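Chemist: Let me give you the structure first, and then I'll get to my questions.
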Amino acid sequence: MRINADADRCVGAGQCVLAAPDLFDQDDDGTVTVLTEPGAATKDAAREAVHLCPSGAITLEDG
Amino acid sequence: MATADAIPIEFPRRQPGRLTPPAEYAGLRSQEGLVKSSLPGGSTVWLVTRHEDVRSVLTDPRISSNPLHEGFPSMGKNGTVPPPDQVPGWFVAYDPPEHGRFRKALIPEFTVRRIKEMQPAIQRIVDRLIDALLDGGNSADLVAQFALPVPSLVICELLGVPYSDHEYFESRTRVLVTFTSTDEQRESAAKELITYLTKLISIKHKFPGNDLISGLLKNETLTAQEVSGIALLLLIAGHETTANNIALGVVMLLLNREWIGDPRAVEEALRYLSVADRVALRVAVEDVEIGGQLIKAGEGIVPLGAAANHDENAFERADQFDPGRPARHHVAFGYGVHQCLGQHLVRAEMGTAYRTLFERIPTLRLAVPPEELPFKDEGILFGLHELPVTW
């Protein structure tokens, strides 16, 4: 699984940081940054972050 | 596709003395298509009640937040959205891509990390207010003496209002966000606040500090007038909504004492109470289908947050207060590009308020039976006029 995060679409709501703090952070400008690709233990959290993101800025590529 | 109802229904209201959303919402969620309703401000709108449909409305680019569009809903005097040509910087009234300029300027100030840095200040504010409660005896009105001053003092801290001006600033803000204020009181308070903010902005220009206004002034994409509009919006948006969540959340915990001390009560209170149920107003700028209903360009839409947050298809046993449930997909903060900018601040204020209040006053209880609490549902927000408590 790979995370695609689009900082242009991001509105800085921070939902991904709450849902998956190991995978996501906010840059100095407040937009999304990916810390690491999801592993077995964090796949569900990654899906939760996608579901919660209000601006559709995060997508997952299976693999 | 469902056909439009000929006669708009009356705008649903909460039942007196109840903490649950209007009873009509369940029926509206289960019927085909959408229903038209007349708003207190006179306009006719489509009501959207299903969780999935509310999220669609709030993310569809054919649906606008800009009150300059023909057909934009009016909620009456207390729920009017000022158009961008009247209050520059009132960024909830802009659509993308213009909205992005304001949002991008503000998000660094409201990140999860930035709000964590504010935690000691929030704790200090909450502690001082509880000191005063305890010094004052063994009973209080928790709205006036706690729920309202918490966000008010936090906003002063955030915007960088000097401590010596707190009282001036707070008293005007209070008038502005208190439902019982007259139009004249409200208008003069707004004028005084704008004058004050304009003065404060010119001082911050010369002597910048580590606060939000100083930060925004460094941003070359914003004019000083826009910074003043932004500051006024943050002030109003972050005030009574937070106060109502604090006060009503304390009631929820007093009625469900087994959840006192559980930090998950914050998210569930946000979902369950949905105090900003009817705050999001929208208009279709092109024909669009939502929930099997054709909405024509120029028709107003009200996505109802409390209805979505009590949708059984999104939350099992939705009418039960259960902080143990997964609740984060609620739309209490809206959804889409306008989702509440200050949501982490609200969570921090609610969490700190609940935790500290019950730690320091464990015997806290209601001073009146719950059904006699003076709930308010006349305006656009759900809340309490007073919260009489004793300990």
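Chain labels run A, B, ... following the order of the structure tokens; each chain numbers its residues from 1, and ligands are numbered from 1 in the order shown.
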With a distance cut-off of 6 Å and only C-alpha atoms, select the neighbouring residues of range 361-374 of chain B, excluding the residue or stretch itself and same-chain residues fewer than 6 positions from it, and output the selection as a CSV table (one decimal) with C-alpha atoms, in the first residue's frame.
Modeler:
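Wrote out-v2.csv, looks like this:
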chain,number,residue,atom,x,y,z
B,17,GLY,CA,-36.3,20.0,27.2
B,384,LEU,CA,-28.2,26.6,27.0
B,385,HIS,CA,-29.1,30.1,28.3
B,388,PRO,CA,-27.4,26.0,37.2
B,389,VAL,CA,-25.1,23.6,39.0
B,390,THR,CA,-24.2,23.0,42.6
B,391,TRP,CA,-21.5,20.9,44.4
Chemist: Kindly determine which residues of chain B lie within 8 Å of chain A, considering only C-alpha atoms, and give the answer as a ChimeraX atom specification.
Modeler: /B:59,100,103-104,107-112,328-329,335-337,339-341,343
Chemist: Using C-alpha atoms, can you export the residues from the last selection as a short mmCIF file (atom, residue, chain, number, x, y, z; two decimals), in the first residue's frame?
Modeler:
data_model
loop_
_atom_site.label_atom_id
_atom_site.label_comp_id
_atom_site.auth_asym_id
_atom_site.auth_seq_id
_atom_site.Cartn_x
_atom_site.Cartn_y
_atom_site.Cartn_z
CA THR B 59 -17.97 18.64 -1.34
CA GLY B 100 -7.89 28.80 -0.70
CA ARG B 103 -7.49 28.98 4.23
CA LYS B 104 -3.80 28.54 3.33
CA ILE B 107 -3.97 26.70 8.57
CA PRO B 108 -0.42 27.02 9.98
CA GLU B 109 -2.00 28.72 13.03
CA PHE B 110 -4.45 25.85 13.69
CA THR B 111 -2.44 22.68 13.14
CA VAL B 112 -2.56 19.84 15.64
CA ARG B 328 -14.75 10.74 14.08
CA HIS B 329 -16.63 10.67 10.77
CA TYR B 335 -17.00 18.62 5.66
CA GLY B 336 -15.29 19.71 2.44
CA VAL B 337 -12.94 22.68 2.09
CA GLN B 339 -14.48 22.07 7.49
CA CYS B 340 -13.91 23.94 10.75
CA LEU B 341 -10.46 25.45 10.83
CA GLN B 343 -11.56 22.09 15.31
#
Chemist: Just the alpha helix (DSSP H) stuff from range 4-190 of chain B, please, per backbone DSSP, written as a count of residues only.
Modeler: 81
Chemist: Show which residues sit within 9 Å of range 2-6 of chain A, as a list of chain:residue names. Count only C-alpha atoms, and ignore same-chain residues fewer than 6 positions away.
Modeler: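 These residues fall inside the cut-off: A:Thr31, A:Val32, A:Thr33, A:Val34, A:Thr36, A:Glu37, A:Pro38, A:Ala46, A:Gly56, A:Ala57, A:Ile58, A:Thr59, A:Leu60, A:Glu61, A:Asp62, A:Gly63.
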Chemist: Write out as a list in words all residues of chain A that DSSP puts in strand (DSSP E or B) for this structure's backbone.
Modeler: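 For chain A, the strand (DSSP E or B) set is Arg2, Ile3, Asn4, Ala5, Phe24, Asp25, Gln26, Val32, Thr33, Val34, Ile58, Thr59, Leu60 and Glu61 of chain A.
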Chemist: Rounded to one decimal place, report the CA of Ala26 in chain B-CA of Val92 in chain B distance in Å.
Modeler: 28.9 Å
